[in-house]
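What follows is a short report on a single structure.
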Amino acid sequence: MILPQRGDVYVKCGADILLNGLKTDLRAEARCPVCGNVTRFRVDQRRIEDLAPKSPMLHVVEFEMSPGHLGVECESTHIFDEKDCLTKWLSTYTGKPGRVISLPEYMDSLNKRHPTKVSPA
């Protein structure tokens, strides 16, 4: 992701980008773990903008670290550029069950929950 004050910053997973977007506007790129295609977007005022391709999916494994503190299991949390890649990845995935959601929907859910602190695991 690219932060206004710090420039390029590597993050652990796709959800980590969105969690950072709760705190600051940013630009981001995520590489699909199946096909390698890149998804690009901006987070502006806690909303997803300029999403390309238009309908990537997020598989996210969340857990509550403590009351009001959301954690994300980054090893199981990825952005997939298309549904076929997600389906292929899920066919061999044996980790904890996760949530499959679009990036804008996940960002909306984060905004609604507005946790006091968010942390990647």
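To be explicit about the labels: the chains of the structure tokens are called A, B, and onward in the order shown, and within each one the residues are counted from 1, while ligands get numbers from 1 in the order they are shown.
Neighbouring residues of Met107 (chain A) at 9 Å or closer, counting only C-alpha atoms and skipping chain neighbours under 3 positions away, are Leu18, Leu19, Gly21, Leu22, Arg46, Arg47, Ile48, Ser102, Leu103, Pro104, Leu110, Asn111 and Lys112 of chain A.
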- request: Per DSSP on the backbone, filter region 19-75 of chain A down to the residues in strand (DSSP E or B) and report them as a PyMOL selection string.
  value: chain A and resi 26-31+38-44+47-52+57-60+62-66+69-72
Dump of C-alpha atoms for the selected residues, as a PDB file, in the first residue's frame:
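Result went into selection-v4.pdb, see below:
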ATOM      1  CA  LEU A  26      -4.184   5.158   0.920  1.00  0.00           C
ATOM      2  CA  ARG A  27      -3.562   3.546  -2.457  1.00  0.00           C
ATOM      3  CA  ALA A  28      -3.085  -0.216  -2.671  1.00  0.00           C
ATOM      4  CA  GLU A  29      -2.200  -3.172  -4.846  1.00  0.00           C
ATOM      5  CA  ALA A  30      -2.795  -6.827  -4.005  1.00  0.00           C
ATOM      6  CA  ARG A  31      -1.596  -9.830  -6.008  1.00  0.00           C
ATOM      7  CA  VAL A  38      -3.040  -7.465  -9.476  1.00  0.00           C
ATOM      8  CA  THR A  39      -6.045  -5.746  -7.898  1.00  0.00           C
ATOM      9  CA  ARG A  40      -5.663  -1.973  -7.474  1.00  0.00           C
ATOM     10  CA  PHE A  41      -7.769   0.434  -5.423  1.00  0.00           C
ATOM     11  CA  ARG A  42      -7.783   3.458  -3.159  1.00  0.00           C
ATOM     12  CA  VAL A  43      -9.255   3.916   0.273  1.00  0.00           C
ATOM     13  CA  ASP A  44     -10.559   7.469   0.516  1.00  0.00           C
ATOM     14  CA  ARG A  47     -14.445   3.943   1.330  1.00  0.00           C
ATOM     15  CA  ILE A  48     -13.105   1.793  -1.525  1.00  0.00           C
ATOM     16  CA  GLU A  49     -12.587   3.803  -4.746  1.00  0.00           C
ATOM     17  CA  ASP A  50     -11.235   3.066  -8.252  1.00  0.00           C
ATOM     18  CA  LEU A  51     -11.401  -0.715  -7.814  1.00  0.00           C
ATOM     19  CA  ALA A  52      -9.817  -2.627 -10.725  1.00  0.00           C
ATOM     20  CA  MET A  57     -13.261 -11.088  -3.440  1.00  0.00           C
ATOM     21  CA  LEU A  58     -11.702 -11.219   0.003  1.00  0.00           C
ATOM     22  CA  HIS A  59     -11.373 -14.392   2.076  1.00  0.00           C
ATOM     23  CA  VAL A  60     -10.820 -13.213   5.650  1.00  0.00           C
ATOM     24  CA  GLU A  62     -11.162 -12.806  11.825  1.00  0.00           C
ATOM     25  CA  PHE A  63     -11.001 -13.341  15.562  1.00  0.00           C
ATOM     26  CA  GLU A  64     -11.605 -11.192  18.601  1.00  0.00           C
ATOM     27  CA  MET A  65      -8.327 -10.554  20.397  1.00  0.00           C
ATOM     28  CA  SER A  66     -10.155  -8.956  23.330  1.00  0.00           C
ATOM     29  CA  HIS A  69     -10.037  -5.556  19.405  1.00  0.00           C
ATOM     30  CA  LEU A  70     -10.311  -7.300  16.027  1.00  0.00           C
ATOM     31  CA  GLY A  71      -7.563  -9.608  14.807  1.00  0.00           C
ATOM     32  CA  VAL A  72      -7.065 -11.049  11.330  1.00  0.00           C
TER      33      VAL A  72
END
message: I'd like the interatomic distance between CA of Lys54 (chain A) and CA of Gly14 (chain A), to a tenth of an Å.
response: 15.8 Å
statement: In terms of only C-alpha atoms, the residue from A:Met1, A:Ile101, A:Cys35, A:Val9 at minimal distance from Val61 (chain A) is A:Ile101
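Between CA of Gln45 (chain A) and CA of Gly98 (chain A) lies a distance of 26.4 Å.
Using only C-alpha atoms for every distance, the candidate list A:Lys96, A:Val34, A:Glu105, A:Arg113 yields A:Val34 as the residue closest to Asp81 (chain A).
DSSP, applied to the backbone of this structure, assigns helix (DSSP H, G or I) to the following residues of chain A: A:Gly14, A:Ala15, A:Asp16, A:Ile17, A:Leu18, A:Leu19, A:Asn20, A:Cys74, A:Glu75, A:Ser76, A:Lys83, A:Asp84, A:Cys85, A:Leu86, A:Thr87, A:Lys88, A:Trp89, A:Leu90, A:Leu103, A:Pro104, A:Glu105, A:Tyr106, A:Met107, A:Asp108, A:Ser109, A:Leu110, A:Asn111, A:Lys112, A:Arg113.
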What would the file look like if the residues just selected were written as a short mmCIF file (atom, residue, chain, number, x, y, z; two decimals), in the first residue's frame with C-alpha atoms?
data_model
loop_
_atom_site.label_atom_id
_atom_site.label_comp_id
_atom_site.auth_asym_id
_atom_site.auth_seq_id
_atom_site.Cartn_x
_atom_site.Cartn_y
_atom_site.Cartn_z
CA GLY A 14 -5.41 -8.05 2.02
CA ALA A 15 -7.46 -7.29 5.10
CA ASP A 16 -4.48 -5.46 6.60
CA ILE A 17 -4.77 -2.93 3.76
CA LEU A 18 -8.41 -2.28 4.59
CA LEU A 19 -7.74 -2.12 8.32
CA ASN A 20 -5.13 0.57 7.64
CA CYS A 74 -3.18 -13.09 7.65
CA GLU A 75 -2.01 -16.54 6.48
CA SER A 76 -5.64 -17.32 5.53
CA LYS A 83 -14.33 -15.75 -8.28
CA ASP A 84 -12.69 -18.63 -10.23
CA CYS A 85 -9.40 -18.03 -8.41
CA LEU A 86 -11.17 -17.95 -5.04
CA THR A 87 -13.02 -21.18 -5.84
CA LYS A 88 -9.77 -22.90 -6.91
CA TRP A 89 -7.98 -21.77 -3.73
CA LEU A 90 -10.88 -22.82 -1.48
CA LEU A 103 -13.83 -5.42 -0.71
CA PRO A 104 -16.43 -2.60 -0.50
CA GLU A 105 -18.71 -4.78 1.65
CA TYR A 106 -15.85 -5.65 4.01
CA MET A 107 -14.84 -2.00 4.32
CA ASP A 108 -18.47 -1.12 5.09
CA SER A 109 -18.58 -3.83 7.77
CA LEU A 110 -15.38 -2.47 9.33
CA ASN A 111 -16.83 1.04 9.35
CA LYS A 112 -20.01 -0.20 11.04
CA ARG A 113 -18.11 -2.12 13.71
#
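One finds CA of Pro56 (chain A) at 19.4 Å from CA of Thr92 (chain A).
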